[in-house]
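Enquirer: Next comes the structure file target_33.json, holding JSON, C-alpha atoms.
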```
[["chain", "number", "residue", "atom", "x", "y", "z"],
["A", 1, "MET", "CA", 0.00, 0.00, 0.00],
["A", 2, "ALA", "CA", 1.31, 3.42, -0.87],
["A", 3, "ASP", "CA", 2.29, 5.92, 1.77],
["A", 4, "ASN", "CA", -0.19, 8.39, 3.20],
["A", 5, "VAL", "CA", 0.94, 11.49, 1.31],
["A", 6, "ILE", "CA", 0.37, 12.98, -2.12],
["A", 7, "GLY", "CA", 2.87, 11.36, -4.44],
["A", 8, "GLY", "CA", 3.83, 8.82, -1.76],
["A", 9, "GLY", "CA", 5.38, 5.49, -2.63],
["A", 10, "SER", "CA", 8.51, 3.47, -2.20],
["A", 11, "GLN", "CA", 10.32, 5.51, -4.83],
["A", 12, "ASN", "CA", 9.44, 8.84, -3.28],
["A", 13, "PRO", "CA", 9.57, 8.59, 0.55],
["A", 14, "PRO", "CA", 7.19, 11.04, 2.24],
["A", 15, "PRO", "CA", 8.25, 13.49, 4.92],
["A", 16, "LYS", "CA", 7.65, 12.28, 8.45],
["A", 17, "VAL", "CA", 4.34, 13.41, 9.90],
["A", 18, "SER", "CA", 4.23, 14.19, 13.60],
["A", 19, "GLY", "CA", 1.49, 12.66, 15.69],
["A", 20, "ASP", "CA", 1.25, 15.84, 17.76],
["A", 21, "ALA", "CA", -0.70, 18.94, 16.86],
["A", 22, "GLY", "CA", 1.33, 21.99, 15.90],
["A", 23, "PRO", "CA", 1.18, 25.41, 17.62],
["A", 24, "ASP", "CA", -2.03, 26.22, 15.74],
["A", 25, "GLY", "CA", -3.65, 22.93, 16.75],
["A", 26, "THR", "CA", -3.44, 21.38, 13.30],
["A", 27, "LEU", "CA", -2.29, 17.83, 12.61],
["A", 28, "SER", "CA", -1.62, 16.70, 9.06],
["A", 29, "ALA", "CA", -2.30, 13.09, 8.13],
["A", 30, "GLY", "CA", -1.52, 12.84, 4.45],
["A", 31, "VAL", "CA", -4.02, 14.69, 2.32],
["A", 32, "VAL", "CA", -6.43, 15.17, 5.27],
["A", 33, "VAL", "CA", -5.64, 17.95, 7.76],
["A", 34, "PHE", "CA", -7.05, 17.88, 11.29],
["A", 35, "ASP", "CA", -7.56, 21.05, 13.31],
["A", 36, "ARG", "CA", -7.69, 20.02, 16.97],
["A", 37, "SER", "CA", -7.37, 23.49, 18.49],
["A", 38, "LYS", "CA", -10.87, 23.17, 20.02],
["A", 39, "ASN", "CA", -10.38, 19.63, 21.25],
["A", 40, "GLY", "CA", -10.26, 18.42, 24.84],
["A", 41, "SER", "CA", -6.84, 18.48, 26.46],
["A", 42, "GLY", "CA", -4.99, 17.43, 29.58],
["A", 43, "PRO", "CA", -3.01, 14.35, 30.62],
["A", 44, "LYS", "CA", -6.13, 12.27, 31.23],
["A", 45, "ALA", "CA", -8.10, 13.30, 28.16],
["A", 46, "GLY", "CA", -9.07, 10.41, 25.91],
["A", 47, "PRO", "CA", -11.06, 9.33, 22.85],
["A", 48, "VAL", "CA", -14.76, 8.60, 23.00],
["A", 49, "THR", "CA", -16.10, 5.12, 22.32],
["A", 50, "SER", "CA", -19.16, 4.81, 20.14],
["A", 51, "ALA", "CA", -22.25, 3.88, 22.14],
["A", 52, "THR", "CA", -23.23, 1.60, 19.22],
["A", 53, "THR", "CA", -21.31, -0.98, 17.21],
["A", 54, "TRP", "CA", -20.31, 1.71, 14.69],
["A", 55, "THR", "CA", -16.67, 2.72, 14.47],
["A", 56, "PRO", "CA", -14.95, 5.39, 12.33],
["A", 57, "PRO", "CA", -13.48, 4.01, 9.07],
["A", 58, "ALA", "CA", -10.02, 2.43, 9.21],
["A", 59, "CYS", "CA", -9.21, 3.42, 5.64],
["A", 60, "TYR", "CA", -10.42, 5.76, 2.92],
["A", 61, "TYR", "CA", -9.72, 6.91, -0.63],
["A", 62, "ALA", "CA", -8.50, 10.39, -1.51],
["A", 63, "PRO", "CA", -6.27, 12.13, -4.07],
["A", 64, "LYS", "CA", -2.71, 10.81, -3.95],
["A", 65, "TYR", "CA", -0.92, 11.15, -7.30],
["A", 66, "THR", "CA", -0.55, 13.40, -10.29],
["A", 67, "PRO", "CA", -0.11, 11.50, -13.58],
["A", 68, "GLU", "CA", 3.68, 11.90, -13.40],
["A", 69, "GLN", "CA", 3.79, 10.80, -9.76],
["A", 70, "LEU", "CA", 1.77, 7.66, -10.48],
["A", 71, "GLN", "CA", 4.16, 6.76, -13.29],
["A", 72, "LYS", "CA", 7.15, 7.21, -10.97],
["A", 73, "TYR", "CA", 5.44, 5.04, -8.36],
["A", 74, "LEU", "CA", 4.26, 2.15, -10.56],
["A", 75, "GLU", "CA", 6.95, 1.68, -13.21],
["A", 76, "PRO", "CA", 9.74, 0.65, -10.77],
["A", 77, "ILE", "CA", 7.36, -1.93, -9.28],
["A", 78, "TRP", "CA", 6.65, -3.39, -12.72],
["A", 79, "GLU", "CA", 10.33, -3.41, -13.65],
["A", 80, "ALA", "CA", 11.25, -5.24, -10.46],
["A", 81, "GLY", "CA", 8.90, -8.05, -11.43],
["A", 82, "SER", "CA", 8.23, -8.95, -7.82],
["A", 83, "THR", "CA", 4.46, -8.78, -8.27],
["A", 84, "GLY", "CA", 4.34, -11.30, -11.11],
["A", 85, "HIS", "CA", 4.19, -10.98, -14.90],
["A", 86, "GLU", "CA", 0.41, -11.33, -15.24],
["A", 87, "TRP", "CA", -0.33, -8.68, -12.59],
["A", 88, "ASP", "CA", 2.21, -6.27, -14.10],
["A", 89, "LEU", "CA", 0.69, -6.80, -17.54],
["A", 90, "SER", "CA", -2.82, -6.10, -16.26],
["A", 91, "GLN", "CA", -1.58, -2.94, -14.57],
["A", 92, "ARG", "CA", 0.07, -1.71, -17.75],
["A", 93, "LYS", "CA", -3.14, -2.32, -19.66],
["A", 94, "ARG", "CA", -5.11, -0.36, -17.05],
["A", 95, "TYR", "CA", -2.87, 2.67, -16.68],
["A", 96, "VAL", "CA", -0.87, 2.85, -19.91],
["A", 97, "GLU", "CA", -2.56, 1.03, -22.77],
["A", 98, "GLY", "CA", -6.04, 2.53, -22.56],
["A", 99, "GLU", "CA", -7.99, -0.13, -20.66],
["A", 100, "PRO", "CA", -9.39, 2.26, -19.52],
["A", 101, "TYR", "CA", -6.59, 4.81, -18.98],
["A", 102, "LYS", "CA", -3.86, 5.81, -21.42],
["A", 103, "ASP", "CA", -0.32, 6.89, -20.54],
["A", 104, "PHE", "CA", -1.23, 7.53, -16.88],
["A", 105, "ASN", "CA", -3.77, 10.17, -17.99],
["A", 106, "LYS", "CA", -0.95, 12.63, -18.71],
["A", 107, "GLU", "CA", -3.18, 14.47, -21.18],
["A", 108, "LYS", "CA", -5.36, 15.39, -18.18],
["A", 109, "ALA", "CA", -2.51, 16.66, -15.99],
["A", 110, "GLY", "CA", -3.78, 19.51, -13.84],
["A", 111, "GLU", "CA", -7.41, 18.50, -14.42],
["A", 112, "GLY", "CA", -7.65, 15.92, -11.65],
["A", 113, "TYR", "CA", -5.80, 13.39, -9.50],
["A", 114, "TRP", "CA", -5.28, 9.69, -9.13],
["A", 115, "TRP", "CA", -7.05, 8.52, -5.96],
["A", 116, "ASP", "CA", -5.66, 5.73, -3.81],
["A", 117, "SER", "CA", -6.21, 4.31, -0.34],
["A", 118, "TYR", "CA", -5.00, 5.80, 2.95],
["A", 119, "VAL", "CA", -4.98, 4.21, 6.39],
["A", 120, "THR", "CA", -6.64, 6.25, 9.12],
["A", 121, "PRO", "CA", -4.10, 7.50, 11.71],
["A", 122, "GLY", "CA", -3.75, 4.97, 14.51],
["A", 123, "ARG", "CA", -5.47, 2.15, 12.57],
["A", 124, "ILE", "CA", -2.46, 0.48, 10.92],
["A", 125, "GLY", "CA", -2.80, -3.24, 11.61],
["A", 126, "ASP", "CA", -6.56, -2.97, 12.02],
["A", 127, "PRO", "CA", -8.30, -5.61, 9.85],
["A", 128, "GLY", "CA", -10.56, -2.85, 8.49],
["A", 129, "ALA", "CA", -7.52, -1.09, 7.05],
["A", 130, "LEU", "CA", -7.43, -3.81, 4.39],
["A", 131, "ASP", "CA", -10.96, -3.05, 3.18],
["A", 132, "CYS", "CA", -9.76, -0.35, 0.76],
["A", 133, "ASP", "CA", -8.47, -2.72, -1.93],
["A", 134, "ASP", "CA", -9.88, -1.10, -5.07],
["A", 135, "PRO", "CA", -7.29, -0.25, -7.75],
["A", 136, "ILE", "CA", -6.06, 3.32, -8.09],
["A", 137, "PHE", "CA", -8.64, 5.40, -10.00],
["A", 138, "TRP", "CA", -8.88, 8.84, -11.62],
["A", 139, "VAL", "CA", -11.23, 11.66, -10.56],
["A", 140, "ASP", "CA", -11.52, 14.95, -12.46],
["A", 141, "ASN", "CA", -11.41, 18.18, -10.49],
["A", 142, "ASN", "CA", -14.89, 19.18, -9.22],
["A", 143, "ASP", "CA", -16.28, 15.69, -9.96],
["A", 144, "ASP", "CA", -17.54, 13.30, -7.31],
["A", 145, "PRO", "CA", -15.67, 10.03, -6.87],
["A", 146, "PRO", "CA", -17.38, 6.92, -8.30],
["A", 147, "ALA", "CA", -20.58, 6.10, -6.42],
["A", 148, "ASP", "CA", -19.52, 2.49, -5.86],
["A", 149, "ILE", "CA", -16.42, 3.55, -3.89],
["A", 150, "GLU", "CA", -17.99, 3.60, -0.42],
["A", 151, "GLN", "CA", -14.85, 4.77, 1.41],
["A", 152, "ALA", "CA", -14.16, 7.74, -0.90],
["A", 153, "ILE", "CA", -13.44, 10.95, 0.96],
["A", 154, "THR", "CA", -16.49, 13.21, 1.31],
["A", 155, "PRO", "CA", -17.53, 15.75, 3.95],
["A", 156, "GLU", "CA", -19.39, 12.94, 5.76],
["A", 157, "MET", "CA", -16.29, 10.73, 5.67],
["A", 158, "LEU", "CA", -14.23, 13.65, 7.02],
["A", 159, "ALA", "CA", -16.72, 14.00, 9.87],
["A", 160, "GLN", "CA", -16.25, 10.32, 10.71],
["A", 161, "LEU", "CA", -12.45, 10.69, 10.64],
["A", 162, "ALA", "CA", -12.74, 13.75, 12.90],
["A", 163, "TYR", "CA", -14.87, 11.63, 15.30],
["A", 164, "ALA", "CA", -11.83, 9.40, 15.85],
["A", 165, "GLU", "CA", -9.75, 12.48, 16.72],
["A", 166, "ILE", "CA", -12.15, 13.80, 19.39],
["A", 167, "ARG", "CA", -10.61, 13.92, 22.87],
["A", 168, "VAL", "CA", -12.65, 14.61, 26.00],
["A", 169, "PRO", "CA", -11.54, 15.36, 29.58],
["A", 170, "THR", "CA", -11.25, 12.77, 32.31],
["A", 171, "THR", "CA", -14.41, 11.84, 34.15],
["A", 172, "GLU", "CA", -13.07, 11.77, 37.70],
["A", 173, "VAL", "CA", -15.91, 13.22, 39.74],
["A", 174, "ASP", "CA", -15.69, 15.50, 42.77],
["A", 175, "LEU", "CA", -17.02, 13.81, 45.90],
["A", 176, "ALA", "CA", -18.29, 14.99, 49.25],
["A", 177, "PRO", "CA", -17.18, 13.35, 51.50],
["A", 178, "ASP", "CA", -14.03, 13.08, 49.36],
["A", 179, "GLY", "CA", -12.45, 9.64, 48.94],
["A", 180, "GLU", "CA", -13.72, 8.27, 52.26],
["A", 181, "THR", "CA", -17.37, 8.08, 53.20],
["A", 182, "LYS", "CA", -19.62, 6.27, 55.68],
["A", 183, "VAL", "CA", -22.21, 3.54, 55.33],
["A", 184, "ASN", "CA", -25.72, 4.97, 54.70],
["A", 185, "LEU", "CA", -24.31, 8.49, 54.25],
["A", 186, "PRO", "CA", -25.30, 10.08, 50.90],
["A", 187, "THR", "CA", -22.19, 11.01, 48.95],
["A", 188, "TRP", "CA", -22.57, 14.04, 46.68],
["A", 189, "MET", "CA", -21.02, 13.90, 43.20],
["A", 190, "TRP", "CA", -20.46, 16.56, 40.58],
["A", 191, "LEU", "CA", -18.33, 17.43, 37.57],
["A", 192, "ASP", "CA", -16.82, 20.85, 37.01],
["A", 193, "GLY", "CA", -18.79, 22.65, 34.32],
["A", 194, "ALA", "CA", -15.64, 24.46, 33.17],
["A", 195, "ASP", "CA", -14.17, 21.10, 32.09],
["A", 196, "PHE", "CA", -17.33, 19.67, 30.59],
["A", 197, "LYS", "CA", -18.07, 21.87, 27.65],
["A", 198, "PRO", "CA", -18.38, 21.06, 23.93],
["A", 199, "VAL", "CA", -15.23, 20.05, 22.07],
["A", 200, "SER", "CA", -14.71, 19.78, 18.32],
["A", 201, "VAL", "CA", -12.30, 18.69, 15.61],
["A", 202, "THR", "CA", -12.31, 19.90, 12.00],
["A", 203, "ALA", "CA", -11.04, 17.65, 9.21],
["A", 204, "SER", "CA", -10.41, 19.08, 5.76],
["A", 205, "VAL", "CA", -8.91, 18.28, 2.38],
["A", 206, "PRO", "CA", -7.56, 21.63, 1.16],
["A", 207, "LEU", "CA", -6.82, 20.06, -2.22],
["A", 208, "LEU", "CA", -10.54, 19.47, -2.75],
["A", 209, "GLY", "CA", -11.89, 22.45, -0.79],
["A", 210, "ILE", "CA", -14.04, 20.30, 1.51],
["A", 211, "GLN", "CA", -14.23, 20.16, 5.30],
["A", 212, "ALA", "CA", -16.32, 18.88, 8.19],
["A", 213, "THR", "CA", -16.45, 19.76, 11.87],
["A", 214, "THR", "CA", -17.43, 17.10, 14.40],
["A", 215, "THR", "CA", -18.64, 18.39, 17.77],
["A", 216, "ALA", "CA", -19.19, 16.47, 21.00],
["A", 217, "VAL", "CA", -21.47, 17.91, 23.70],
["A", 218, "PRO", "CA", -21.66, 16.34, 27.20],
["A", 219, "VAL", "CA", -25.20, 15.39, 28.17],
["A", 220, "SER", "CA", -25.06, 13.01, 31.14],
["A", 221, "VAL", "CA", -22.93, 10.83, 33.39],
["A", 222, "ARG", "CA", -23.70, 7.28, 34.45],
["A", 223, "ILE", "CA", -22.62, 6.38, 38.00],
["A", 224, "GLU", "CA", -21.64, 2.79, 38.75],
["A", 225, "PRO", "CA", -20.79, 2.48, 42.48],
["A", 226, "GLY", "CA", -18.57, -0.60, 42.14],
["A", 227, "THR", "CA", -20.86, -2.75, 44.29],
["A", 228, "SER", "CA", -24.47, -3.89, 44.28],
["A", 229, "ASP", "CA", -24.71, -2.82, 47.91],
["A", 230, "ALA", "CA", -25.41, 0.79, 47.03],
["A", 231, "GLU", "CA", -28.14, 3.17, 45.95],
["A", 232, "THR", "CA", -27.65, 5.90, 43.37],
["A", 233, "TYR", "CA", -29.16, 9.34, 43.03],
["A", 234, "PRO", "CA", -31.17, 9.43, 40.86],
["A", 235, "PRO", "CA", -32.16, 5.74, 41.03],
["A", 236, "SER", "CA", -31.28, 5.26, 37.35],
["A", 237, "GLY", "CA", -27.69, 6.22, 38.09],
["A", 238, "VAL", "CA", -27.77, 8.67, 35.17],
["A", 239, "CYS", "CA", -27.16, 12.31, 36.09],
["A", 240, "GLU", "CA", -28.22, 14.74, 33.38],
["A", 241, "ILE", "CA", -26.24, 17.90, 32.65],
["A", 242, "ASN", "CA", -27.93, 21.04, 33.94],
["A", 243, "ASN", "CA", -26.79, 24.60, 33.30],
["A", 244, "GLY", "CA", -23.45, 23.39, 32.01],
["A", 245, "ARG", "CA", -22.76, 21.24, 35.08],
["A", 246, "ILE", "CA", -23.34, 17.63, 36.03],
["A", 247, "GLY", "CA", -24.48, 17.22, 39.63],
["A", 248, "GLU", "CA", -24.22, 19.89, 42.31],
["A", 249, "PRO", "CA", -21.30, 20.73, 44.64],
["A", 250, "TYR", "CA", -21.89, 19.99, 48.29],
["A", 251, "ALA", "CA", -21.98, 23.00, 50.59],
["A", 252, "GLU", "CA", -22.66, 23.62, 54.27],
["A", 253, "GLY", "CA", -26.34, 23.38, 55.04],
["A", 254, "LYS", "CA", -27.08, 20.64, 52.51],
["A", 255, "ALA", "CA", -26.52, 17.71, 54.89],
["A", 256, "ASN", "CA", -30.24, 16.90, 55.10],
["A", 257, "ARG", "CA", -30.85, 17.20, 51.36],
["A", 258, "THR", "CA", -30.80, 14.40, 48.81],
["A", 259, "PRO", "CA", -27.97, 14.96, 46.33],
["A", 260, "PRO", "CA", -29.15, 15.44, 42.72],
["A", 261, "CYS", "CA", -26.26, 13.19, 41.70],
["A", 262, "GLY", "CA", -24.60, 10.79, 44.10],
["A", 263, "VAL", "CA", -24.49, 7.43, 45.80],
["A", 264, "LYS", "CA", -25.23, 5.88, 49.18],
["A", 265, "TYR", "CA", -23.19, 2.81, 50.11],
["A", 266, "LEU", "CA", -25.01, 0.23, 52.22],
["A", 267, "ARG", "CA", -21.99, -1.81, 53.26],
["A", 268, "SER", "CA", -18.43, -1.09, 54.28],
["A", 269, "SER", "CA", -15.63, -1.66, 51.78],
["A", 270, "GLY", "CA", -13.60, -3.24, 54.59],
["A", 271, "ASP", "CA", -9.87, -3.05, 54.11],
["A", 272, "ASP", "CA", -10.30, -2.35, 50.41],
["A", 273, "ALA", "CA", -12.07, 0.34, 48.35],
["A", 274, "TYR", "CA", -14.93, 0.29, 45.88],
["A", 275, "LYS", "CA", -14.13, 1.14, 42.26],
["A", 276, "LEU", "CA", -16.52, 3.97, 41.44],
["A", 277, "GLN", "CA", -16.93, 4.46, 37.70],
["A", 278, "ALA", "CA", -18.32, 7.59, 36.08],
["A", 279, "THR", "CA", -19.03, 7.40, 32.35],
["A", 280, "VAL", "CA", -20.00, 10.56, 30.49],
["A", 281, "THR", "CA", -22.18, 10.36, 27.38],
["A", 282, "TRP", "CA", -21.38, 12.89, 24.66],
["A", 283, "LYS", "CA", -23.95, 13.78, 22.00],
["A", 284, "ILE", "CA", -22.05, 14.08, 18.71],
["A", 285, "HIS", "CA", -22.97, 15.83, 15.47],
["A", 286, "TRP", "CA", -21.24, 17.26, 12.42],
["A", 287, "THR", "CA", -21.52, 20.07, 9.93],
["A", 288, "GLY", "CA", -19.63, 20.42, 6.70],
["A", 289, "THR", "CA", -19.28, 21.48, 3.10],
["A", 290, "GLY", "CA", -22.56, 21.34, 1.21],
["A", 291, "VAL", "CA", -24.56, 20.22, 4.25],
["A", 292, "ALA", "CA", -27.43, 22.25, 5.66],
["A", 293, "GLY", "CA", -27.71, 22.10, 9.45],
["A", 294, "GLN", "CA", -26.34, 19.48, 11.81],
["A", 295, "ARG", "CA", -26.09, 15.77, 11.04],
["A", 296, "PRO", "CA", -25.97, 13.19, 13.85],
["A", 297, "LEU", "CA", -23.21, 10.72, 14.58],
["A", 298, "PRO", "CA", -23.41, 7.97, 17.23],
["A", 299, "ASP", "CA", -23.16, 9.11, 20.84],
["A", 300, "GLY", "CA", -19.73, 8.66, 22.38],
["A", 301, "THR", "CA", -18.79, 7.62, 25.92],
["A", 302, "PHE", "CA", -15.69, 8.10, 28.04],
["A", 303, "GLY", "CA", -15.31, 6.81, 31.58],
["A", 304, "GLY", "CA", -13.02, 7.08, 34.54],
["A", 305, "GLU", "CA", -12.54, 5.02, 37.68],
["A", 306, "GLN", "CA", -11.64, 6.10, 41.21],
["A", 307, "ASP", "CA", -11.38, 4.48, 44.63],
["A", 308, "VAL", "CA", -13.97, 5.15, 47.32],
["A", 309, "THR", "CA", -13.39, 3.86, 50.85],
["A", 310, "VAL", "CA", -16.57, 3.22, 52.83],
["A", 311, "GLN", "CA", -16.38, 2.82, 56.61],
["A", 312, "GLU", "CA", -18.90, 1.77, 59.19],
["A", 313, "ILE", "CA", -20.23, 4.54, 61.42],
["A", 314, "GLN", "CA", -18.65, 3.92, 64.83],
["A", 315, "ALA", "CA", -20.99, 4.23, 67.78],
["A", 316, "VAL", "CA", -19.63, 5.81, 70.95],
["A", 317, "ASN", "CA", -20.48, 3.92, 74.15],
["A", 318, "ARG", "CA", -20.47, 5.84, 77.41]]
```
Could I get this file's structure written as structure tokens?

Expert:
Amino acid sequence: MADNVIGGGSQNPPPKVSGDAGPDGTLSAGVVVFDRSKNGSGPKAGPVTSATTWTPPACYYAPKYTPEQLQKYLEPIWEAGSTGHEWDLSQRKRYVEGEPYKDFNKEKAGEGYWWDSYVTPGRIGDPGALDCDDPIFWVDNNDDPPADIEQAITPEMLAQLAYAEIRVPTTEVDLAPDGETKVNLPTWMWLDGADFKPVSVTASVPLLGIQATTTAVPVSVRIEPGTSDAETYPPSGVCEINNGRIGEPYAEGKANRTPPCGVKYLRSSGDDAYKLQATVTWKIHWTGTGVAGQRPLPDGTFGGEQDVTVQEIQAVNR
């Protein structure tokens, strides 16, 4: 498979592409450019997992060669003979002898590009990366790629690639009491609204003048106490976001109130601790070139785990 850059190939090694965003938040991955300047950050930020079985594509097709670049890429392969005489002959017929292309489409230089497959960043070795096995094909400028090429780059495909680049903050919740609580004592939980705000990534193909922005908005957190001997607030264990915040900070004077988001442990954790898990659901949508309004993508989730020690309330005998 050719390298992930325009004109890439074994005869024309591409420049190394950094996996980190530059000062302006952009990250180039071949012909697709990602702007992550509005993404989540921090040492514990991580990617969302689709709440369904859907996953972003592991490969896609996009412009990769000019006619001259394709010739420089393919001819040394044919001359080496390592791919077999019959395959080389069929390739020459396809790209040189007019079945259906002639002389690498040099007469159309500047009027379009040869499209080939790319592997999505981070998906090398994924079985899905082998799905893009169609032969290299030509697309004229301003024309759509062939309708039967499902993985061809489009604004919607860019939105799906941007989905894979979304990073959201850690979901470690604030607790009151913090870290150590008592049996049958309601523990208040909340997430800082300043951290839980929408994040977005924009993916674009400047060569084609198309782009898409994928945005993730936090909507709720699911509390799993780490034991069946517990009750959650609300009973469903799902705390909805309200006024940009999930849950409500504990403050003096609230001891007799039921927390809007929290948990009550019914049994001591003994010499150990319960593994409290908080999983935030992010509603995800995209907008892009030629698309009116917002289009939905599957919800994403991201969870975190923290220890909670639960002690028995000690009675004082006099």

Enquirer: Would you please work out which residue, of A:Ala292, A:Leu185, A:Ile124, A:Leu297, is nearest to Thr215 in chain A when using only C-alpha atoms?

Expert: A:Leu297

Enquirer: CA of Asp299 in chain A and CA of Ile246 in chain A, how far apart in Å?

Expert: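 Atom-to-atom, CA of Ile246 in chain A to CA of Asp299 in chain A, that is 17.4 Å.
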
Enquirer: Please report the interatomic distance between CA of Gln294 in chain A and CA of Arg222 in chain A in Å with one decimal.

Expert: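 CA of Gln294 in chain A sits 25.9 Å away from CA of Arg222 in chain A.
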
Enquirer: Interatomic distance between CA of Ala58 in chain A and CA of Asp126 in chain A?

Expert: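 Spanning CA of Ala58 in chain A to CA of Asp126 in chain A is a straight-line distance of 7.0 Å.
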
Enquirer: Calculated over only C-alpha atoms, which of the candidates A:Arg36, A:Gly42, A:Thr52, A:Phe104 has the smallest distance to Thr66 in chain A?

Expert: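 Closest to Thr66 in chain A, using only C-alpha atoms: A:Phe104.
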
Enquirer: Got a sec: who's within 7 Å of Val119 in chain A, counting all atoms listed in the file, leaving out chain neighbours fewer than 6 positions off, as a list of chain:residue names?

Expert: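 Final neighbour list, sorted by chain and number: A:Ala58, A:Cys59, A:Tyr60, A:Ala129.
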
Enquirer: Within 12 Å of (-22.1, 23.2, 8.8), in the coordinates the file gives, what residues turn up when you count all atoms listed in the file, written out as a list in words?

Expert: Pro155, Glu156, Ala159, Thr202, Ile210, Gln211, Ala212, Thr213, Thr214, Thr215, His285, Trp286, Thr287, Gly288, Thr289, Gly290, Val291, Ala292, Gly293, Gln294, Arg295 and Pro296 of chain A

Enquirer: For the selection just defined, write its residues with C-alpha atoms to a file, as a compact mmCIF listing (two decimals), in the frame of the given file.

Expert:
```
# COMPACT_ATOMS: atom_id res chain seq x y z
CA PRO A 155 -17.53 15.75 3.95
CA GLU A 156 -19.39 12.94 5.76
CA ALA A 159 -16.72 14.00 9.87
CA THR A 202 -12.31 19.90 12.00
CA ILE A 210 -14.04 20.30 1.51
CA GLN A 211 -14.23 20.16 5.30
CA ALA A 212 -16.32 18.88 8.19
CA THR A 213 -16.45 19.76 11.87
CA THR A 214 -17.43 17.10 14.40
CA THR A 215 -18.64 18.39 17.77
CA HIS A 285 -22.97 15.83 15.47
CA TRP A 286 -21.24 17.26 12.42
CA THR A 287 -21.52 20.07 9.93
CA GLY A 288 -19.63 20.42 6.70
CA THR A 289 -19.28 21.48 3.10
CA GLY A 290 -22.56 21.34 1.21
CA VAL A 291 -24.56 20.22 4.25
CA ALA A 292 -27.43 22.25 5.66
CA GLY A 293 -27.71 22.10 9.45
CA GLN A 294 -26.34 19.48 11.81
CA ARG A 295 -26.09 15.77 11.04
CA PRO A 296 -25.97 13.19 13.85
```

Enquirer: In the coordinate frame of the file, compute which residues have an atom within 7 Å of (-26.8, 3.4, 45.7) when using only C-alpha atoms, and state them as a PyMOL selection string.

Expert: chain A and resi 225+229-233+263-265
